[in-house]
Amino acid sequence: MAKTPKRKSAKKVTRYTYDEIKEPRTPETGHTSLLPSEDLVVTLPMDNGWSKAIQVGKLPEDDRRPVVVDMDPAADPVLFWSGKRNRREVPVLPLQRNEIVSESRIAQIIERARRAAEEKSGKARQGNLFAELEKTLRETDRTKRVEFYTHEEGWKNKLICGDSLHVMESLLHYENLRGKVQMIYVDPPYGIRYDSNFQQRVDSTKNDQKDQADDVLTIKAFRDTWALGIHSYLSYLQDRLYLCRELLDETGSIFFQINQENLHLATSLLSEVFGAQNQVAVITFTKTSGFSGALLSSVCDYLVWFAKDKSRVKFRQLFSKKTAGDEGASKYRPVSKLTAVSSDRFDPNRLATLADLTSQGETSTEQAFLFQGRIWRPRAGLHWKTTVSGLQKLAEKERVIIEGNSLRYLRFMDDFPVFPISNVWTDVGGIQSRTEGKIYSVQTAPEVLDRCVQMATEPGDLVFDPTCGSGTTAYSAERLGRRWITCDTSRVSVNVARQRLLSGTFEHYKTRNANVSGNFMYETVNHVTLRSLAYDLEPEKVELVDQPEVDTAAIRVCGPFEVMSLGRYSVEDWKGYVVGEPGIGQAAKLENYIEVICRLYRKDAAIQGATGLVHAVAEAEGVKIAISVGPLSGRVTGKQINDGVQDALASGILEVHVLGWAFEANVGEVKSQFEKRGKVKVELIMIRPDTLAEGLKATQPGMLFSPLALPDIEVAVAKNGKAKQLRVALKGVALFDRKRRTTEYKAADSGYVAAWYLDEDYDGDCFVDCQMFFDFKKAPNIKAALKAEVDPDEFTLRLTSEPFPIRQYKRIAVKVVDVYGNESVVVRDLA
Ligand SMILES: C[S@@+](CC[C@H](N)C(=O)[O-])C[C@H]1O[C@@H](n2cnc3c(N)ncnc32)[C@H](O)[C@@H]1O
């Protein structure tokens with residue numbers, strides 16, 4: 001009787017965490033002022049191989065002397081460009097934790113689908129999947145909150161919004177990560193044109209010149225031209241590569257992605273920073289399958305791979321499966337075509353090739369070998385690859401074949417069914433890519449990242465990408481069980497990456513000792529060699545490190561991570577801002593931070609005296625506007641808004657615009673309170689993060705500001721069993737239109753909201769993502785794994801939360817991300 005197949009049960013949901021790896025605790029937003037502030041600037045030495053100052057000037061027309069660069073001939077040749085420096089002062093800003101992502105969107109969807117299925121079948125319902133972890137994240141011992149960097153906590157991955165220069169300096173200086181990063185992947189803008197490196201919206205890879213995101217578009221134009229073109233670009237890369245070197249472990253690697261246009265420059269620069277002797281490889285990989293252009297088509301990009309120290313670099317060879325006729329297996333044919341001798345031992349169709357039985361060089365050992373009635377000897381200058389008795393064994397195993405006038409070794413394709421990958425990767429990228437649909441205009445194929453991570457790191461190692469984009473590196477590291485940090489200046493990028501991570505499902509790889517950092521179990525293949533046959537040895541087992549053993553009973557989701565930004569919340573930073581003396585090729589000199597920002601905001605701004613919080617006054621249609629500027633590296637607080645409004649009122653001004661890089665979560669409430677009283681109008685304006693970026697040419701600076709939207713939410717009591725529970729509905733966002741100077745209301749379903757997040761128990765410091773809502777680009781196919789139906793609505797942007805109880809702080813916060821990546825938060829007391 002046929003057996004009835006056993007019904008497989010639904011998979012358990014897992015994720016990888018790294019509690020066994022400790023890190024110093026990072027401050028939460030707003031607490032960085034508590035840090036000692038003596039080291040505000042550090043000097044970064046950048047003179048590997050060249051240290052003499054070189055003055056390059058134009059010789060008079062009639063001066064025919066050769067120009068000689070006075071350089072130490074013992075040093076490697078280096079590139080020179082306008083503005084190259086051998087020292088760089090870098091401001092050190094601490095990182096601050098704004099948000100902890102303790103849940104995964106997909107995990108919640110899975111949980112709800114299961115719950116619905118269980119309720120239907122009358123089974124007990126499973127508790128919150130990761131409730132335990134959330135409890136520990138909501139550290140109740142608040143004293144610990146201010147003892148930053150003095151005690152340790154379990155490692156959490158990091159998604160950081162900020163300039164890579166400052167982020168890296170902060171990782172070195174505050175986060176104690178010098179020499180602790182195993183691999184860095186850099187995919188910088190390929191050159192000085194920014195158009196292909198810029199994405200306007202979270203929800204689309206297409207940039208539209210007519211898009212209403214005026215400020216976003218302007219940044220594109222703004223960044224289009226670097227002040228000194230390729231010279232600025234090289235300075236930008238140089239600063240960052242020196243910091244990468246400091247972060248790398250002695251066995252670490254850096255992969256630098258570039259196209260053919262600047263491959264030569266990038267390689268020279270990397271050689272300077274890491275030492276030419278530490279170049280490991282240049283990998284060519286296909287990016288597109290299309291052919292275009294008037295001249296020869298360019299279908300590849302390049303990865304320049306350098307080690308911190310090539311003699312110690314961590315390297316694990318990857319292999320590809322042999323396919324007859326393809327790369328690595330082009331010479332294999334059915335064994336019946338190679339020899340007339342038929343054997344019971346071999347299937348005539350088994351694929352094989354004939355290989356040399358001899359090696360170069362004479363030897364004094366006996367070489368005469370009797371085979372099929374004849375004595376065989378290697379030709380002059382050669383010797384057998386094994387001993388005569390070894391040859392005997394090979395012959396017994398029918399591995400010796402006569403071909404013409406010489407003896408050959410019969411090698412089967414399945415003796416070693418894989419071959420080592422090389423530095424040409426034609427099987428990645430383009431249409432062959434596994435990419436789950438493109439979500440970022442300049443997105444690297446995930447297979448490229450996977451290979452780098454697998455070759456240069458082990459599970460639990462730390463991977464860093466200072467050019468996050470859509471988060472391909474973080475996603476690959478998460479998938480492969482490596483810790484990760486990534487950063488980007490673009491809020492669009494940070495939000496695209498966050499959604500990508502939160503919607504991912506991965507295979508659960510079996511660990512050796514329950515910790516990811518204790519390594520995975522891997523598939524192995526036998527490697528039958530001439531030697532193993534000649535000496536009757538067990539074939540060597542080769543681990544396939546890109547094929548970890550999969551626990552088929554589990555479905556894995558993204559582990560917890562922190563969302564961070566840079567900032568020092570100190571009044572001193574905010575008073576003034578003076579950039580050092582302009583050197584050769586430096587960008588425009590910024591004398592005073594407040595003055596620069598006010599003038600960028602409104603050309604007509606009349607700067608006020610040193611006291612008070614009204615920094616400038618401008619006029620529009622006869623109405624006076626007071627402008628107040630937030631600190632350079634901190635958040636605008638409710639108190640600043642209060643004081644600014646009082647100062648404005650004292651001068652009879654009824655409209656106040658507060659400009660800031662970041663805002664405390666309660667500013668919306670402060671603004672509404674003023675407006676409810678009906679006397680003053682308060683507008684909160686966000687300054688774009690790269691407004692003062694050095695080296696970028698400020699062409700159209702008038703549009704670097706975007707209004708801070710204020711989420712409009714409704715909290716209602718949900719009828720859900722006995723306990724009182726709440727539901728939050730997102731109704732829309734109030735948005736200030738800078739041109740018309742009126743507040744516009746965007747309904748939540750108008751296409752303006754890209755995502756929203758709910759903290760069910762906001763502690764006033766750090767936003768914990770308890771519920772999250774956004775559209776999946778592509779609904780994942782998890783039905784089979786779940787054994788439960790998922791409501792298709794779950795994969796769309798829902799506007800009402802799941803019910804939740806009132807908790808310890810009796811306060812919730814809602815964060816809304818608009819399609820341009822701007823974030824705004826509203827806090828609501830439930831008392
Ligand atoms: C070519 S994209 C990276 C794409 C990424 N490999 C992916 O697969 O999505 C380069 C990214 O670097 C970011 N970027 C440029 N300059 C930066 C800086 N100074 N600091 C941080 N990020 C920067 C850009 O915003 C852009 O998202």
# chains A, B, ... in the order shown; residues from 1 in each chain; ligands from 1
$ closest_atom_pairs --of "chain A" --to "ligand 1" --cutoff "8 Å" --atoms "only C-alpha atoms and all ligand atoms" --output "Markdown table"
| residue | atom | partner | partner_atom_place_in_ligand_line | distance |
| --- | --- | --- | --- | --- |
| A:Cys161 | CA | ligand 1 | 21 (C) | 7.7 |
| A:Gly162 | CA | ligand 1 | 21 (C) | 6.0 |
| A:Asp163 | CA | ligand 1 | 20 (N) | 3.6 |
| A:Ser164 | CA | ligand 1 | 20 (N) | 3.8 |
| A:Leu165 | CA | ligand 1 | 19 (N) | 6.4 |
| A:Val186 | CA | ligand 1 | 6 (N) | 7.4 |
| A:Asp187 | CA | ligand 1 | 6 (N) | 5.0 |
| A:Pro188 | CA | ligand 1 | 10 (C) | 4.6 |
| A:Pro189 | CA | ligand 1 | 1 (C) | 4.8 |
| A:Tyr190 | CA | ligand 1 | 1 (C) | 6.9 |
| A:Asn197 | CA | ligand 1 | 1 (C) | 5.5 |
| A:Phe198 | CA | ligand 1 | 25 (O) | 6.5 |
| A:Gln199 | CA | ligand 1 | 27 (O) | 7.8 |
| A:Tyr236 | CA | ligand 1 | 19 (N) | 7.6 |
| A:Tyr440 | CA | ligand 1 | 9 (O) | 5.8 |
| A:Ser441 | CA | ligand 1 | 9 (O) | 7.6 |
| A:Val442 | CA | ligand 1 | 4 (C) | 5.1 |
| A:Gln443 | CA | ligand 1 | 8 (O) | 3.5 |
| A:Thr444 | CA | ligand 1 | 8 (O) | 3.8 |
| A:Ala445 | CA | ligand 1 | 8 (O) | 6.8 |
| A:Pro446 | CA | ligand 1 | 8 (O) | 7.5 |
| A:Pro466 | CA | ligand 1 | 21 (C) | 5.6 |
| A:Thr467 | CA | ligand 1 | 12 (O) | 3.8 |
| A:Cys468 | CA | ligand 1 | 5 (C) | 5.4 |
| A:Gly469 | CA | ligand 1 | 27 (O) | 3.5 |
| A:Ser470 | CA | ligand 1 | 9 (O) | 3.6 |
| A:Gly471 | CA | ligand 1 | 9 (O) | 5.3 |
| A:Thr472 | CA | ligand 1 | 8 (O) | 4.4 |
| A:Thr473 | CA | ligand 1 | 8 (O) | 6.9 |
| A:Cys487 | CA | ligand 1 | 21 (C) | 5.6 |
| A:Asp488 | CA | ligand 1 | 22 (N) | 3.5 |
| A:Thr489 | CA | ligand 1 | 21 (C) | 4.5 |
| A:Ser490 | CA | ligand 1 | 25 (O) | 4.8 |
| A:Ser493 | CA | ligand 1 | 27 (O) | 5.6 |
$ select_by_dssp --residues "segment 240-377 of chain A" --states "helix (DSSP H, G or I)" --output "list in words"
Arg240, Leu241, Tyr242, Leu243, Cys244, Arg245, Glu246, Leu247, Leu263, His264, Leu265, Ala266, Thr267, Ser268, Leu269, Leu270, Ser271, Glu272, Val273, Phe274, Ala276, Gln277, Asn278, Lys310, Ser311, Arg312, Val335, Ser336 and Lys337 of chain A
$ atom_distance --atom1 "atom CA of Leu351 of chain A" --atom2 "atom CA of Arg333 of chain A"
4.9 Å
$ residues_around --residues "segment 454-464 of chain A" --least-positions-apart "2" --cutoff "8 Å" --atoms "only C-alpha atoms" --output "MDAnalysis selection string"
chainID A and resid 18 180:185 252:253 313:318 450:452 466 473:474 477 480:486 516:520 545:546
$ residues_around --residues "Arg811 of chain A" --least-positions-apart "2" --cutoff "10 Å" --atoms "only C-alpha atoms" --output "PyMOL selection string"
chain A and resi 759-764+806-809+813+827-831
$ closest_residue --among "A:Tyr601, A:Phe371, A:Tyr409, A:Phe346" --to "Val617 of chain A" --atoms "only C-alpha atoms"
A:Tyr601
$ select_by_dssp --residues "segment 238-328 of chain A" --states "strand (DSSP E)" --output "PyMOL selection string"
chain A and resi 248-258+279-286+300-307+319-321
$ residues_around --residues "Leu708 of chain A" --least-positions-apart "2" --cutoff "7 Å" --atoms "only C-alpha atoms" --output "PyMOL selection string"
chain A and resi 684-686+706+710+735+824
$ residues_around --residues "segment 360-367 of chain A" --least-positions-apart "4" --cutoff "6 Å" --atoms "only C-alpha atoms" --output "count of residues only"
4
$ closest_residue --among "A:Trp425, A:Phe412, A:Phe419, A:Phe369" --to "Leu338 of chain A" --atoms "only C-alpha atoms"
A:Phe412
$ atom_distance --atom1 "atom CA of Glu507 of chain A" --atom2 "atom CA of Val13 of chain A"
10.3 Å
$ closest_atom_pairs --of "segment 60-133 of chain A" --to "segment 276-280 of chain A" --cutoff "12 Å" --atoms "only C-alpha atoms" --output "JSON lines"
{"residue": "A:Ala75", "atom": "CA", "partner": "A:Ala276", "partner_atom": "CA", "distance": 10.5}
{"residue": "A:Asp76", "atom": "CA", "partner": "A:Ala276", "partner_atom": "CA", "distance": 7.7}
{"residue": "A:Pro77", "atom": "CA", "partner": "A:Ala276", "partner_atom": "CA", "distance": 9.7}
{"residue": "A:Val78", "atom": "CA", "partner": "A:Ala276", "partner_atom": "CA", "distance": 10.3}
$ write_last_selection --atoms "N, CA, C and O atoms" --output "PDB file, in the first residue's frame"
ATOM      1  N   ALA A  75      59.604  55.729  -2.835  1.00  0.00           N
ATOM      2  CA  ALA A  75      58.140  55.625  -2.699  1.00  0.00           C
ATOM      3  C   ALA A  75      57.519  55.229  -4.041  1.00  0.00           C
ATOM      4  O   ALA A  75      58.120  55.434  -5.090  1.00  0.00           O
ATOM      5  N   ASP A  76      56.321  54.643  -3.971  1.00  0.00           N
ATOM      6  CA  ASP A  76      55.615  54.310  -5.216  1.00  0.00           C
ATOM      7  C   ASP A  76      55.175  55.589  -5.905  1.00  0.00           C
ATOM      8  O   ASP A  76      54.855  56.578  -5.228  1.00  0.00           O
ATOM      9  N   PRO A  77      55.110  55.597  -7.242  1.00  0.00           N
ATOM     10  CA  PRO A  77      54.558  56.776  -7.924  1.00  0.00           C
ATOM     11  C   PRO A  77      53.113  57.005  -7.461  1.00  0.00           C
ATOM     12  O   PRO A  77      52.408  56.042  -7.155  1.00  0.00           O
ATOM     13  N   VAL A  78      52.701  58.250  -7.378  1.00  0.00           N
ATOM     14  CA  VAL A  78      51.328  58.541  -6.951  1.00  0.00           C
ATOM     15  C   VAL A  78      50.685  59.538  -7.899  1.00  0.00           C
ATOM     16  O   VAL A  78      51.358  60.222  -8.654  1.00  0.00           O
TER      17      VAL A  78
END
$ closest_residue --among "A:Leu566, A:Ala779, A:Leu730, A:Leu241" --to "Pro94 of chain A" --atoms "only C-alpha atoms"
A:Leu566
$ closest_residue --among "A:Arg677, A:Lys52, A:Arg635, A:Arg411" --to "His527 of chain A" --atoms "only C-alpha atoms"
A:Arg411
$ atom_distance --atom1 "atom CA of Val167 of chain A" --atom2 "atom CA of Cys766 of chain A"
19.4 Å
$ closest_residue --among "A:Phe416, A:Glu103, A:Asp70, A:Ile607" --to "Glu540 of chain A" --atoms "only C-alpha atoms"
A:Phe416
$ residues_around --residues "Ser336 of chain A" --least-positions-apart "6" --cutoff "10 Å" --atoms "only C-alpha atoms" --output "list of chain:residue names"
A:Ser342, A:Ser343, A:Phe346, A:Asp347, A:Pro348, A:Asn349, A:Arg350, A:Leu351, A:Ala352
$ write_last_selection --atoms "N, CA and C atoms" --output "PDB file, in the first residue's frame"
ATOM      1  N   SER A 342      36.789  -0.451 -23.660  1.00  0.00           N
ATOM      2  CA  SER A 342      35.572  -0.302 -22.853  1.00  0.00           C
ATOM      3  C   SER A 342      35.805  -0.974 -21.503  1.00  0.00           C
ATOM      4  N   SER A 343      35.123  -0.479 -20.525  1.00  0.00           N
ATOM      5  CA  SER A 343      35.343  -0.980 -19.174  1.00  0.00           C
ATOM      6  C   SER A 343      34.005  -1.163 -18.487  1.00  0.00           C
ATOM      7  N   PHE A 346      33.191   1.922 -15.933  1.00  0.00           N
ATOM      8  CA  PHE A 346      32.684   3.256 -16.262  1.00  0.00           C
ATOM      9  C   PHE A 346      31.487   3.201 -17.185  1.00  0.00           C
ATOM     10  N   ASP A 347      30.537   4.045 -16.903  1.00  0.00           N
ATOM     11  CA  ASP A 347      29.451   4.290 -17.846  1.00  0.00           C
ATOM     12  C   ASP A 347      30.086   4.979 -19.067  1.00  0.00           C
ATOM     13  N   PRO A 348      29.849   4.470 -20.292  1.00  0.00           N
ATOM     14  CA  PRO A 348      30.523   5.077 -21.466  1.00  0.00           C
ATOM     15  C   PRO A 348      30.175   6.550 -21.649  1.00  0.00           C
ATOM     16  N   ASN A 349      29.066   6.980 -21.036  1.00  0.00           N
ATOM     17  CA  ASN A 349      28.680   8.392 -21.202  1.00  0.00           C
ATOM     18  C   ASN A 349      29.247   9.297 -20.099  1.00  0.00           C
ATOM     19  N   ARG A 350      29.923   8.702 -19.133  1.00  0.00           N
ATOM     20  CA  ARG A 350      30.497   9.517 -18.051  1.00  0.00           C
ATOM     21  C   ARG A 350      31.527  10.486 -18.647  1.00  0.00           C
ATOM     22  N   LEU A 351      31.457  11.746 -18.229  1.00  0.00           N
ATOM     23  CA  LEU A 351      32.289  12.760 -18.884  1.00  0.00           C
ATOM     24  C   LEU A 351      33.701  12.740 -18.313  1.00  0.00           C
ATOM     25  N   ALA A 352      34.658  12.850 -19.231  1.00  0.00           N
ATOM     26  CA  ALA A 352      36.054  12.760 -18.805  1.00  0.00           C
ATOM     27  C   ALA A 352      36.932  13.552 -19.752  1.00  0.00           C
TER      28      ALA A 352
END
$ closest_residue --among "A:Met772, A:Val68, A:Leu799, A:Gln673" --to "Glu714 of chain A" --atoms "only C-alpha atoms"
A:Leu799
